[in-house]
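Asker: Structure incoming, see below.
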Number of protein chains: 2
Amino acid sequence: MKIVLATRNPGKIVELRRILDGMTVVGLDAYPQIEDVAETGLTFAENALLKAHAVAQGSGLPAVADDSGLCVDALNGMPGIFSARWSGRHGDDDANLDLLLAQVSDVPDAHRQAHFACTAALALPTGEEWTAEGAIHGSLIRARRGTNGFGYDPIFVPDGDSRTTAELDPDEKDAISHRGKAFRALAEIISQVLVTSP
Amino acid sequence: MKIVLATRNPGKIVELRRILDGMTVVGLDAYPQIEDVAETGLTFAENALLKAHAVAQGSGLPAVADDSGLCVDALNGMPGIFSARWSGRHGDDDANLDLLLAQVSDVPDAHRQAHFACTAALALPTGEEWTAEGAIHGSLIRARRGTNGFGYDPIFVPDGDSRTTAELDPDEKDAISHRGKAFRALAEIISQVLVTSP
């Protein structure tokens with residue numbers, strides 16, 4: 001069972017290969033002719049589907065994409081779909097994290113709730129599509145801790161834990177993370193769809 | 001009738017002196033001993049009142065403050081109360097505007113609606129307080145136009161106009177702006193309060 005992961009983000013590829021265990025997952029690097037699609041959607045689901053459809057059409061294979069982000073209560077749910085480009089520099093984790101910390105520096109500890117959200121999408125070359133969602137709730141600290149994960153992991157402490165998601169082992173993180181939840185749900189859909197599809 | 005404007009923002013002082021015509025308005029520069037208050041509120045009203053009360057207490061005079069911002073629909077209403085510190089550098093108009101433009105660069109023209117909002121607050125040394133609100137609706141363009149105003153004016157086009165608020169004459173802007181509306185409403189309250197107060 002071969003599927004294409006519609007991402008060039010190395011952190012995401014490593015994480016998703018662990019979660020989609022047992023499937024042959026090919027990164028977008030194997031398809032240099034497929035151009036990056038502009039993320040013009042206004043929701044995680046819209047952007048995940050945009051990316052999955054573009055890669056399914058370009059590769060002729062089932063394609064999986066996700067759109068994920070950190071939703072900060074004090075910022076009305078932002079950075080949200082803009083998480084990876086929050087600083088204006090797409091994929092610059094350090095710049096995005098530094099900017100977010102500076103923006104919420106005056107927000108008191110009692111109001112620093114946030115959640116990571118993920119929508120995972122599957123698209124077939126036929127145009128059929130499915131999505132699954134996951135979330136993890138917690139709060140923001142004021143300085144980085146931990147070196148695992150990527151993105152905003154070093155400043156996010158899940159509810160009920162004292163460690164940031166960058167201080168969790170990868171397996172530990174997968175078990176509770178927004179992306180783990182969304183992709184486990186999508187993996188079940190994938191199994192059913194790709195077994196019953198021609 | 002003497003009141004203190006709780007701001008060190010030169011652009012705001014000029015604008016508010018025009019609007020609060022007929023009153024002796026003193027800027028915060030006349031009170032170097034009053035320290036800037038951290039804007040820990042989560043709404044325009046909370047921050048405007050925080051600033052007005054701090055200055056009324058520190059100066060012993062009626063104090064007026066505002067909190068204003070640009071609320072972008074595609075950003076769930078952000079930058080909002082964070083407008084002046086969006087880039088993490090408080091009051092750096094250029095950095096804030098560049099960041100916002102980069103963040104919404106993928107947002108299609110049909111979804112670039114935004115509004116400026118303002119809450120103006122009056123506080124007396126006795127602790128009494130009043131607020132008034134104003135808003136102006138429009139949409140965001142993709143590159144600066146105009147040199148009047150400040151903040152995000154060069155990229156905001158009010159509904160029904162083709163010019164940015166940075167291309168309007170100051171008087172024209174006051175007549176329709178969020179801050180003009182809020183401060184004209186507050187000016188009426190001020191007249192009544194300060195005439196009837198001891």
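Convention: chains lettered A, B, ... in structure tokens order; per-chain residue numbering from 1; ligands numbered from 1 as shown.
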Compute the chain B side of the contact with chain A at 7 Å, counting only C-alpha atoms, and hand it back as an MDAnalysis selection string.
Answerer: chainID B and resid 38:40 42 74:76 78 82 85:88 99 102:103 106:108
Asker: May I have the selected residues written with all heavy atoms, as a compact mmCIF listing (two decimals), in the first residue's frame?
Answerer:
# COMPACT_ATOMS: atom_id res chain seq x y z
N ALA B 38 1.51 48.12 31.93
CA ALA B 38 1.50 46.95 31.04
C ALA B 38 0.07 46.72 30.55
O ALA B 38 -0.88 46.77 31.33
CB ALA B 38 2.01 45.72 31.78
N GLU B 39 -0.05 46.51 29.24
CA GLU B 39 -1.39 46.32 28.67
C GLU B 39 -1.76 44.85 28.79
O GLU B 39 -1.72 44.09 27.84
CB GLU B 39 -1.39 46.79 27.21
CG GLU B 39 -1.04 48.27 27.11
CD GLU B 39 -1.20 48.84 25.69
OE1 GLU B 39 -1.92 48.23 24.89
OE2 GLU B 39 -0.61 49.89 25.42
N THR B 40 -2.18 44.48 30.01
CA THR B 40 -2.49 43.08 30.30
C THR B 40 -3.94 42.73 30.04
O THR B 40 -4.34 41.58 30.23
CB THR B 40 -2.17 42.76 31.77
OG1 THR B 40 -2.89 43.69 32.58
CG2 THR B 40 -0.68 42.89 32.04
N LEU B 42 -7.43 41.92 27.95
CA LEU B 42 -7.67 41.05 26.79
C LEU B 42 -8.69 41.67 25.85
O LEU B 42 -9.08 41.06 24.86
CB LEU B 42 -8.15 39.67 27.27
CG LEU B 42 -7.12 38.90 28.10
CD1 LEU B 42 -7.71 37.59 28.61
CD2 LEU B 42 -5.86 38.64 27.29
N ALA B 74 -9.71 37.33 8.43
CA ALA B 74 -9.01 36.06 8.16
C ALA B 74 -8.09 35.67 9.30
O ALA B 74 -7.66 34.52 9.38
CB ALA B 74 -8.21 36.16 6.85
N LEU B 75 -7.77 36.62 10.19
CA LEU B 75 -6.94 36.34 11.37
C LEU B 75 -7.80 36.29 12.63
O LEU B 75 -7.30 36.55 13.74
CB LEU B 75 -5.84 37.40 11.53
CG LEU B 75 -4.79 37.50 10.41
CD1 LEU B 75 -3.81 38.63 10.71
CD2 LEU B 75 -4.03 36.18 10.27
N ASN B 76 -9.09 35.97 12.46
CA ASN B 76 -9.99 35.89 13.61
C ASN B 76 -10.00 37.17 14.45
O ASN B 76 -10.09 37.12 15.67
CB ASN B 76 -9.62 34.71 14.52
CG ASN B 76 -9.94 33.37 13.91
OD1 ASN B 76 -10.50 33.29 12.81
ND2 ASN B 76 -9.57 32.31 14.60
N MET B 78 -7.53 39.34 14.80
CA MET B 78 -6.20 39.83 15.16
C MET B 78 -5.69 40.74 14.05
O MET B 78 -6.21 40.68 12.96
CB MET B 78 -5.24 38.64 15.35
CG MET B 78 -5.54 37.77 16.57
SD MET B 78 -5.17 38.62 18.12
CE MET B 78 -6.82 38.88 18.75
N PHE B 82 -3.34 43.63 19.98
CA PHE B 82 -1.89 43.49 19.81
C PHE B 82 -1.36 44.30 18.63
O PHE B 82 -0.20 44.15 18.24
CB PHE B 82 -1.52 42.01 19.62
CG PHE B 82 -1.95 41.13 20.77
CD1 PHE B 82 -3.14 40.43 20.72
CD2 PHE B 82 -1.17 41.03 21.91
CE1 PHE B 82 -3.55 39.63 21.78
CE2 PHE B 82 -1.56 40.23 22.98
CZ PHE B 82 -2.75 39.53 22.91
N ARG B 85 1.96 46.08 18.80
CA ARG B 85 3.10 45.23 19.21
C ARG B 85 3.07 43.92 18.45
O ARG B 85 3.53 42.89 18.94
CB ARG B 85 3.06 44.99 20.72
CG ARG B 85 1.66 44.61 21.20
CD ARG B 85 1.48 44.48 22.71
NE ARG B 85 0.08 44.72 23.05
CZ ARG B 85 -0.56 44.20 24.09
NH1 ARG B 85 0.08 43.41 24.92
NH2 ARG B 85 -1.82 44.47 24.31
N TRP B 86 2.47 43.94 17.24
CA TRP B 86 2.25 42.70 16.50
C TRP B 86 3.55 42.02 16.12
O TRP B 86 3.66 40.79 16.12
CB TRP B 86 1.41 43.00 15.25
CG TRP B 86 0.82 41.82 14.58
CD1 TRP B 86 0.90 41.49 13.25
CD2 TRP B 86 0.02 40.78 15.18
NE1 TRP B 86 0.21 40.34 13.00
CE2 TRP B 86 -0.33 39.87 14.17
CE3 TRP B 86 -0.41 40.53 16.49
CZ2 TRP B 86 -1.10 38.73 14.41
CZ3 TRP B 86 -1.18 39.39 16.74
CH2 TRP B 86 -1.51 38.52 15.70
N SER B 87 4.56 42.81 15.78
CA SER B 87 5.87 42.26 15.39
C SER B 87 6.71 41.93 16.61
O SER B 87 7.83 41.45 16.47
CB SER B 87 6.62 43.27 14.53
OG SER B 87 6.91 44.42 15.32
N GLY B 88 6.19 42.20 17.81
CA GLY B 88 6.98 42.03 19.02
C GLY B 88 7.77 43.28 19.37
O GLY B 88 8.36 43.35 20.43
N LEU B 99 4.83 42.63 8.68
CA LEU B 99 4.47 41.30 9.19
C LEU B 99 3.05 40.94 8.78
O LEU B 99 2.78 39.85 8.28
CB LEU B 99 4.62 41.26 10.71
CG LEU B 99 4.10 39.99 11.37
CD1 LEU B 99 4.85 38.75 10.87
CD2 LEU B 99 4.22 40.09 12.90
N ALA B 102 2.74 40.06 5.15
CA ALA B 102 3.32 38.73 4.87
C ALA B 102 2.38 37.63 5.36
O ALA B 102 2.17 36.63 4.68
CB ALA B 102 4.69 38.60 5.53
N GLN B 103 1.79 37.83 6.52
CA GLN B 103 0.91 36.79 7.07
C GLN B 103 -0.30 36.54 6.19
O GLN B 103 -0.76 35.40 6.06
CB GLN B 103 0.45 37.19 8.49
CG GLN B 103 1.56 37.07 9.52
CD GLN B 103 1.16 37.63 10.86
OE1 GLN B 103 0.43 38.62 10.95
NE2 GLN B 103 1.64 37.02 11.93
N ASP B 106 -1.26 35.00 1.34
CA ASP B 106 -1.98 33.94 0.63
C ASP B 106 -3.50 34.11 0.73
O ASP B 106 -4.25 33.31 0.16
CB ASP B 106 -1.62 32.56 1.19
CG ASP B 106 -0.24 32.11 0.75
OD1 ASP B 106 0.26 32.63 -0.27
OD2 ASP B 106 0.35 31.25 1.44
N VAL B 107 -3.98 35.09 1.47
CA VAL B 107 -5.43 35.26 1.65
C VAL B 107 -6.00 35.97 0.41
O VAL B 107 -5.56 37.07 0.08
CB VAL B 107 -5.75 36.06 2.92
CG1 VAL B 107 -7.25 36.30 3.05
CG2 VAL B 107 -5.22 35.33 4.15
N PRO B 108 -6.94 35.33 -0.26
CA PRO B 108 -7.48 35.89 -1.52
C PRO B 108 -8.19 37.23 -1.28
O PRO B 108 -8.66 37.51 -0.17
CB PRO B 108 -8.48 34.84 -1.99
CG PRO B 108 -8.18 33.59 -1.21
CD PRO B 108 -7.57 34.04 0.08
Asker: Which of segment 13-170 of chain B counts as strand (DSSP E) under DSSP, as a VMD selection string please?
Answerer: chain B and resid 24 to 26 63 to 72 113 to 123 129 to 140 156 to 158
Asker: Extract, using only C-alpha atoms, all DNA, RNA and protein residues at most 9 Å from Ala143 of chain B, discarding same-chain residues fewer than 3 positions from it, and format them as a list in words.
Answerer: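 What passes the distance filter is Leu101, Leu140, Pro154 and Ile155 of chain B.
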Asker: In terms of the shortest atom-to-atom distance over only C-alpha atoms, which of A:Pro170, A:Gly127, A:Gly151, A:Gly27 is closest to Ile3 of chain A?
Answerer: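 The answer is A:Gly27, which sits nearest to Ile3 of chain A.
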Asker: Just the residues within 12 Å of Pro32 of chain A, please, counting only C-alpha atoms, with nothing from its chain fewer than 6 positions along; format it as a PyMOL selection string.
Answerer: chain A and resi 6-8+55+58-59
Asker: When DSSP works through the backbone of this structure, what residues of segment 9-138 of chain B end up as helix (DSSP H, G or I), shown as a PyMOL selection string?
Answerer: chain B and resi 10-19+28-30+44-59+73-75+80-85+93-103+109-111
Asker: Can you tell me which residues surround Leu194 of chain A at a distance of at most 12 Å, considering only C-alpha atoms, apart from same-chain residues fewer than 5 positions away, and format the answer as a PyMOL selection string?
Answerer: chain A and resi 1-3+23+61-63+122-124+128+186-189
Asker: With all heavy atoms kept, could you save the residues just selected as a compact mmCIF listing (two decimals), in the first residue's frame?
Answerer:
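The result, written out as result.txt:
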# COMPACT_ATOMS: atom_id res chain seq x y z
N MET A 1 0.85 -1.19 0.00
CA MET A 1 0.00 0.00 0.00
C MET A 1 0.88 1.25 0.00
O MET A 1 1.58 1.51 0.97
CB MET A 1 -0.89 -0.01 1.25
CG MET A 1 -1.99 1.00 1.24
SD MET A 1 -2.96 0.89 2.77
CE MET A 1 -3.54 -0.81 2.72
N LYS A 2 0.88 1.99 -1.10
CA LYS A 2 1.79 3.12 -1.25
C LYS A 2 0.99 4.42 -1.28
O LYS A 2 0.04 4.54 -2.06
CB LYS A 2 2.59 2.96 -2.54
CG LYS A 2 3.72 3.98 -2.72
CD LYS A 2 4.52 3.65 -3.98
CE LYS A 2 5.61 4.68 -4.25
NZ LYS A 2 6.32 4.38 -5.52
N ILE A 3 1.39 5.35 -0.44
CA ILE A 3 0.75 6.66 -0.44
C ILE A 3 1.82 7.74 -0.43
O ILE A 3 2.96 7.50 -0.01
CB ILE A 3 -0.19 6.86 0.76
CG1 ILE A 3 0.58 6.67 2.07
CG2 ILE A 3 -1.38 5.90 0.71
CD1 ILE A 3 -0.25 6.96 3.29
N MET A 23 2.65 1.21 6.19
CA MET A 23 2.37 1.67 4.83
C MET A 23 3.67 2.20 4.20
O MET A 23 4.54 2.68 4.91
CB MET A 23 1.33 2.80 4.83
CG MET A 23 0.04 2.39 5.53
SD MET A 23 -1.19 3.69 5.48
CE MET A 23 -2.33 3.09 6.76
N LEU A 61 -1.26 8.83 -7.27
CA LEU A 61 -1.35 7.91 -6.13
C LEU A 61 -2.24 8.53 -5.05
O LEU A 61 -2.44 9.74 -5.03
CB LEU A 61 0.04 7.67 -5.53
CG LEU A 61 1.00 6.79 -6.33
CD1 LEU A 61 2.40 6.83 -5.70
CD2 LEU A 61 0.49 5.34 -6.36
N PRO A 62 -2.76 7.69 -4.13
CA PRO A 62 -3.44 8.25 -2.97
C PRO A 62 -2.49 9.20 -2.24
O PRO A 62 -1.30 8.88 -2.07
CB PRO A 62 -3.76 7.03 -2.11
CG PRO A 62 -3.72 5.87 -3.04
CD PRO A 62 -2.70 6.22 -4.09
N ALA A 63 -2.98 10.34 -1.84
CA ALA A 63 -2.11 11.32 -1.17
C ALA A 63 -2.72 11.74 0.15
O ALA A 63 -3.93 11.88 0.29
CB ALA A 63 -1.91 12.54 -2.07
N LEU A 122 -7.11 12.73 3.19
CA LEU A 122 -6.75 11.73 2.18
C LEU A 122 -7.49 12.09 0.89
O LEU A 122 -8.70 12.36 0.92
CB LEU A 122 -7.19 10.34 2.63
CG LEU A 122 -7.18 9.22 1.57
CD1 LEU A 122 -5.75 8.90 1.13
CD2 LEU A 122 -7.88 7.96 2.08
N ALA A 123 -6.76 12.12 -0.22
CA ALA A 123 -7.40 12.35 -1.52
C ALA A 123 -6.93 11.28 -2.49
O ALA A 123 -5.76 10.85 -2.44
CB ALA A 123 -7.04 13.73 -2.06
N LEU A 124 -7.82 10.81 -3.33
CA LEU A 124 -7.48 9.84 -4.37
C LEU A 124 -7.37 10.57 -5.71
O LEU A 124 -7.95 11.66 -5.87
CB LEU A 124 -8.56 8.75 -4.46
CG LEU A 124 -8.85 7.96 -3.18
CD1 LEU A 124 -9.81 6.81 -3.48
CD2 LEU A 124 -7.56 7.43 -2.57
N GLU A 128 -11.92 11.72 -4.95
CA GLU A 128 -12.57 11.43 -3.67
C GLU A 128 -11.72 11.96 -2.51
O GLU A 128 -10.49 12.03 -2.62
CB GLU A 128 -12.79 9.92 -3.52
CG GLU A 128 -13.87 9.37 -4.44
CD GLU A 128 -13.97 7.85 -4.32
OE1 GLU A 128 -13.10 7.17 -4.89
OE2 GLU A 128 -14.89 7.38 -3.63
N LEU A 186 -7.24 8.88 10.51
CA LEU A 186 -7.17 8.79 9.05
C LEU A 186 -6.63 7.44 8.61
O LEU A 186 -7.03 6.91 7.56
CB LEU A 186 -6.30 9.92 8.48
CG LEU A 186 -6.45 10.10 6.96
CD1 LEU A 186 -7.80 10.74 6.64
CD2 LEU A 186 -5.33 10.98 6.40
N ALA A 187 -5.71 6.85 9.40
CA ALA A 187 -5.13 5.55 9.03
C ALA A 187 -6.22 4.49 8.92
O ALA A 187 -6.17 3.64 8.02
CB ALA A 187 -4.07 5.14 10.05
N GLU A 188 -7.20 4.57 9.79
CA GLU A 188 -8.32 3.60 9.71
C GLU A 188 -9.10 3.82 8.42
O GLU A 188 -9.49 2.85 7.74
CB GLU A 188 -9.24 3.77 10.91
CG GLU A 188 -8.60 3.36 12.22
CD GLU A 188 -9.63 3.12 13.30
OE1 GLU A 188 -10.82 2.89 12.97
OE2 GLU A 188 -9.26 3.18 14.49
N ILE A 189 -9.33 5.07 8.10
CA ILE A 189 -10.03 5.38 6.84
C ILE A 189 -9.22 4.87 5.66
O ILE A 189 -9.74 4.23 4.75
CB ILE A 189 -10.28 6.90 6.73
CG1 ILE A 189 -11.22 7.37 7.85
CG2 ILE A 189 -10.85 7.25 5.35
CD1 ILE A 189 -11.37 8.88 7.95
Asker: Would you kindly return, as a ChimeraX atom specification, each protein, DNA or RNA residue with an atom no farther than 12 Å from any atom of Glu46 of chain B, considering only C-alpha atoms and excluding same-chain residues fewer than 6 positions away?
Answerer: /B:38-40,52-53,65-68,81,118-121,129-131
Asker: Please produce a file of the residues just selected, as a CSV table (one decimal), in the first residue's frame, where the atoms kept are all heavy atoms.
Answerer:
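Dumped to result_1.csv:
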chain,number,residue,atom,x,y,z
B,38,ALA,N,1.5,48.1,31.9
B,38,ALA,CA,1.5,47.0,31.0
B,38,ALA,C,0.1,46.7,30.5
B,38,ALA,O,-0.9,46.8,31.3
B,38,ALA,CB,2.0,45.7,31.8
B,39,GLU,N,-0.1,46.5,29.2
B,39,GLU,CA,-1.4,46.3,28.7
B,39,GLU,C,-1.8,44.8,28.8
B,39,GLU,O,-1.7,44.1,27.8
B,39,GLU,CB,-1.4,46.8,27.2
B,39,GLU,CG,-1.0,48.3,27.1
B,39,GLU,CD,-1.2,48.8,25.7
B,39,GLU,OE1,-1.9,48.2,24.9
B,39,GLU,OE2,-0.6,49.9,25.4
B,40,THR,N,-2.2,44.5,30.0
B,40,THR,CA,-2.5,43.1,30.3
B,40,THR,C,-3.9,42.7,30.0
B,40,THR,O,-4.3,41.6,30.2
B,40,THR,CB,-2.2,42.8,31.8
B,40,THR,OG1,-2.9,43.7,32.6
B,40,THR,CG2,-0.7,42.9,32.0
B,52,ALA,N,-6.1,54.7,31.4
B,52,ALA,CA,-6.8,55.9,31.8
B,52,ALA,C,-6.7,56.0,33.4
B,52,ALA,O,-6.4,57.1,33.9
B,52,ALA,CB,-8.2,56.0,31.4
B,53,HIS,N,-7.0,54.9,34.1
B,53,HIS,CA,-6.9,55.0,35.5
B,53,HIS,C,-5.5,55.2,36.0
B,53,HIS,O,-5.3,56.0,37.0
B,53,HIS,CB,-7.4,53.6,36.1
B,53,HIS,CG,-8.9,53.5,36.1
B,53,HIS,ND1,-9.7,54.4,36.8
B,53,HIS,CD2,-9.7,52.6,35.5
B,53,HIS,CE1,-11.0,54.0,36.6
B,53,HIS,NE2,-11.0,53.0,35.8
B,65,ALA,N,-7.8,57.8,27.6
B,65,ALA,CA,-6.9,56.9,26.9
B,65,ALA,C,-7.8,56.2,25.9
B,65,ALA,O,-9.0,56.2,26.0
B,65,ALA,CB,-6.3,55.9,27.9
B,66,ASP,N,-7.1,55.6,24.9
B,66,ASP,CA,-7.8,54.7,24.0
B,66,ASP,C,-7.0,53.5,23.8
B,66,ASP,O,-5.8,53.4,24.0
B,66,ASP,CB,-8.1,55.4,22.7
B,66,ASP,CG,-6.9,55.3,21.7
B,66,ASP,OD1,-5.8,55.8,22.1
B,66,ASP,OD2,-7.1,54.8,20.6
B,67,ASP,N,-7.7,52.4,23.4
B,67,ASP,CA,-7.0,51.3,22.8
B,67,ASP,C,-7.7,51.0,21.5
B,67,ASP,O,-8.9,51.0,21.4
B,67,ASP,CB,-7.0,50.1,23.8
B,67,ASP,CG,-5.9,49.1,23.5
B,67,ASP,OD1,-4.8,49.5,23.1
B,67,ASP,OD2,-6.1,47.9,23.5
B,68,SER,N,-6.9,50.9,20.5
B,68,SER,CA,-7.4,50.8,19.1
B,68,SER,C,-6.6,49.7,18.4
B,68,SER,O,-5.5,49.3,18.8
B,68,SER,CB,-7.2,52.1,18.4
B,68,SER,OG,-7.7,53.1,19.1
B,81,ILE,N,-6.0,43.9,19.9
B,81,ILE,CA,-5.4,44.6,20.9
B,81,ILE,C,-3.8,44.5,20.8
B,81,ILE,O,-3.1,45.3,21.5
B,81,ILE,CB,-5.8,44.1,22.3
B,81,ILE,CG1,-5.4,42.6,22.5
B,81,ILE,CG2,-7.3,44.3,22.6
B,81,ILE,CD1,-5.5,42.1,24.0
B,118,CYS,N,-11.9,51.0,18.1
B,118,CYS,CA,-11.4,51.8,19.1
B,118,CYS,C,-12.3,51.9,20.3
B,118,CYS,O,-13.5,52.0,20.1
B,118,CYS,CB,-11.2,53.3,18.6
B,118,CYS,SG,-10.6,54.4,19.9
B,119,THR,N,-11.7,51.7,21.5
B,119,THR,CA,-12.5,52.1,22.7
B,119,THR,C,-11.7,53.2,23.3
B,119,THR,O,-10.5,53.1,23.6
B,119,THR,CB,-12.5,50.9,23.7
B,119,THR,OG1,-13.2,49.8,23.1
B,119,THR,CG2,-13.3,51.3,24.9
B,120,ALA,N,-12.5,54.3,23.6
B,120,ALA,CA,-11.9,55.5,24.3
B,120,ALA,C,-12.4,55.5,25.7
B,120,ALA,O,-13.6,55.2,25.9
B,120,ALA,CB,-12.3,56.8,23.5
B,121,ALA,N,-11.6,55.8,26.6
B,121,ALA,CA,-11.9,55.7,28.1
B,121,ALA,C,-11.6,57.0,28.8
B,121,ALA,O,-10.6,57.6,28.5
B,121,ALA,CB,-11.2,54.6,28.7
B,129,GLU,N,-15.3,55.9,35.9
B,129,GLU,CA,-14.9,55.6,34.5
B,129,GLU,C,-16.0,55.5,33.5
B,129,GLU,O,-17.2,55.3,33.9
B,129,GLU,CB,-14.1,54.2,34.5
B,129,GLU,CG,-15.1,53.1,34.9
B,129,GLU,CD,-14.3,51.7,34.9
B,129,GLU,OE1,-13.2,51.6,35.4
B,129,GLU,OE2,-15.0,50.7,34.4
B,130,TRP,N,-15.7,55.9,32.3
B,130,TRP,CA,-16.6,55.8,31.1
B,130,TRP,C,-15.9,55.3,29.9
B,130,TRP,O,-14.7,55.5,29.8
B,130,TRP,CB,-17.2,57.2,30.8
B,130,TRP,CG,-18.0,57.8,31.9
B,130,TRP,CD1,-19.4,57.8,32.0
B,130,TRP,CD2,-17.6,58.5,33.1
B,130,TRP,NE1,-19.8,58.4,33.2
B,130,TRP,CE2,-18.7,58.9,33.9
B,130,TRP,CE3,-16.3,58.8,33.6
B,130,TRP,CZ2,-18.6,59.6,35.1
B,130,TRP,CZ3,-16.2,59.5,34.8
B,130,TRP,CH2,-17.4,59.9,35.5
B,131,THR,N,-16.6,54.7,29.0
B,131,THR,CA,-16.0,54.3,27.7
B,131,THR,C,-17.0,54.6,26.6
B,131,THR,O,-18.2,54.7,26.8
B,131,THR,CB,-15.7,52.7,27.7
B,131,THR,OG1,-16.9,52.0,27.8
B,131,THR,CG2,-14.7,52.4,28.7
